[in-house]
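Structure first, commentary second.
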Amino acid sequence: MGTKNELLLQHELEVMAGILESKAQYRKIVKAGIAKWVKDFQDGRIEIKTVDDLKKLIEIDIELQKDEF
C-alpha cells in the first residue's frame, strides 16, 4: 500500500484519464455533428442564414481541444 500522497496522485491520474476519455468521446460526437451539418448544407437542406448551429459546434470542438496543447 502506498503513502497517502501516492494514493492521492493515483486517484488524480485516474480522474484525469476519465476526463480525457470523455473529452475524446465528446469530440467524436461534435465532429459527427459538423460532418452532418456540412453534408446537409452541401445537399441544400440548410440555408446560409442558419449557420449558427455550425458555429456552436465549432466553438465546442475548439473548447474541447484547448487542454490538448
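Each chain in the C-alpha cells gets a letter, A, B and so on, in the order shown; residues start at 1 in every chain, and ligands are counted from 1 in the order they appear.
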task = Report as an MDAnalysis selection string: the residues of chain A with a DSSP assignment of alpha helix (DSSP H), based on the backbone of this structure.
result = chainID A and resid 4:42 52:65
query = Of the candidates A:Met16, A:Lys4, A:Val30, A:Gln25, which one gets nearest to Glu59 in chain A if we count only C-alpha atoms?
reply =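 Counting only C-alpha atoms, the residue closest to Glu59 in chain A is A:Val30.
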Name the residues in contact with range 26-28 of chain A at a cut-off of 12 Å, using only C-alpha atoms, excluding same-chain residues fewer than 3 positions from it; report them as an mmCIF file with N, CA and C atoms, in the first residue's frame.
```cif
data_model
loop_
_atom_site.group_PDB
_atom_site.id
_atom_site.type_symbol
_atom_site.label_atom_id
_atom_site.label_comp_id
_atom_site.auth_asym_id
_atom_site.auth_seq_id
_atom_site.Cartn_x
_atom_site.Cartn_y
_atom_site.Cartn_z
ATOM 1 N N ILE A 19 -11.530 11.997 -17.546
ATOM 2 C CA ILE A 19 -11.898 13.256 -18.197
ATOM 3 C C ILE A 19 -11.417 13.274 -19.645
ATOM 4 N N LEU A 20 -10.184 12.840 -19.862
ATOM 5 C CA LEU A 20 -9.643 12.818 -21.219
ATOM 6 C C LEU A 20 -10.434 11.868 -22.113
ATOM 7 N N GLU A 21 -10.844 10.731 -21.570
ATOM 8 C CA GLU A 21 -11.648 9.782 -22.344
ATOM 9 C C GLU A 21 -13.005 10.401 -22.700
ATOM 10 N N SER A 22 -13.616 11.086 -21.744
ATOM 11 C CA SER A 22 -14.903 11.738 -22.009
ATOM 12 C C SER A 22 -14.756 12.802 -23.081
ATOM 13 N N LYS A 23 -13.689 13.613 -22.988
ATOM 14 C CA LYS A 23 -13.469 14.652 -23.989
ATOM 15 C C LYS A 23 -13.283 14.041 -25.372
ATOM 16 N N LYS A 31 -17.611 16.197 -33.944
ATOM 17 C CA LYS A 31 -17.120 16.033 -35.317
ATOM 18 C C LYS A 31 -18.193 15.419 -36.212
ATOM 19 N N ALA A 32 -18.932 14.455 -35.686
ATOM 20 C CA ALA A 32 -20.023 13.852 -36.463
ATOM 21 C C ALA A 32 -21.104 14.894 -36.748
ATOM 22 N N GLY A 33 -21.388 15.744 -35.767
ATOM 23 C CA GLY A 33 -22.373 16.808 -35.963
ATOM 24 C C GLY A 33 -21.934 17.794 -37.031
ATOM 25 N N ILE A 34 -20.651 18.151 -37.010
ATOM 26 C CA ILE A 34 -20.119 19.064 -38.025
ATOM 27 C C ILE A 34 -20.200 18.425 -39.407
ATOM 28 N N ALA A 35 -19.800 17.170 -39.498
ATOM 29 C CA ALA A 35 -19.847 16.474 -40.793
ATOM 30 C C ALA A 35 -21.280 16.406 -41.318
ATOM 31 N N LEU A 57 -21.117 24.272 -32.918
ATOM 32 C CA LEU A 57 -20.374 23.004 -32.951
ATOM 33 C C LEU A 57 -18.869 23.252 -33.023
ATOM 34 N N ILE A 58 -18.471 24.206 -33.843
ATOM 35 C CA ILE A 58 -17.050 24.519 -33.975
ATOM 36 C C ILE A 58 -16.505 25.080 -32.657
ATOM 37 N N GLU A 59 -17.267 25.948 -32.010
ATOM 38 C CA GLU A 59 -16.837 26.507 -30.730
ATOM 39 C C GLU A 59 -16.671 25.414 -29.675
ATOM 40 N N ILE A 60 -17.585 24.464 -29.659
ATOM 41 C CA ILE A 60 -17.480 23.349 -28.716
ATOM 42 C C ILE A 60 -16.230 22.533 -29.012
ATOM 43 N N ASP A 61 -15.974 22.262 -30.286
ATOM 44 C CA ASP A 61 -14.796 21.490 -30.666
ATOM 45 C C ASP A 61 -13.516 22.208 -30.238
ATOM 46 N N ILE A 62 -13.466 23.509 -30.428
ATOM 47 C CA ILE A 62 -12.287 24.286 -30.018
ATOM 48 C C ILE A 62 -12.112 24.231 -28.503
ATOM 49 N N GLU A 63 -13.198 24.373 -27.755
ATOM 50 C CA GLU A 63 -13.113 24.289 -26.294
ATOM 51 C C GLU A 63 -12.571 22.937 -25.840
ATOM 52 N N LEU A 64 -13.034 21.883 -26.481
ATOM 53 C CA LEU A 64 -12.578 20.541 -26.104
ATOM 54 C C LEU A 64 -11.099 20.335 -26.423
ATOM 55 N N GLN A 65 -10.581 21.065 -27.398
ATOM 56 C CA GLN A 65 -9.176 20.920 -27.786
ATOM 57 C C GLN A 65 -8.236 21.795 -26.964
ATOM 58 N N LYS A 66 -8.729 22.777 -26.264
ATOM 59 C CA LYS A 66 -7.886 23.746 -25.559
ATOM 60 C C LYS A 66 -6.861 23.101 -24.647
#
```
Gap from CA of Asp53 in chain A to CA of Val38 in chain A - Å, one decimal =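 Calculated distance between CA of Asp53 in chain A and CA of Val38 in chain A is 10.8 Å.
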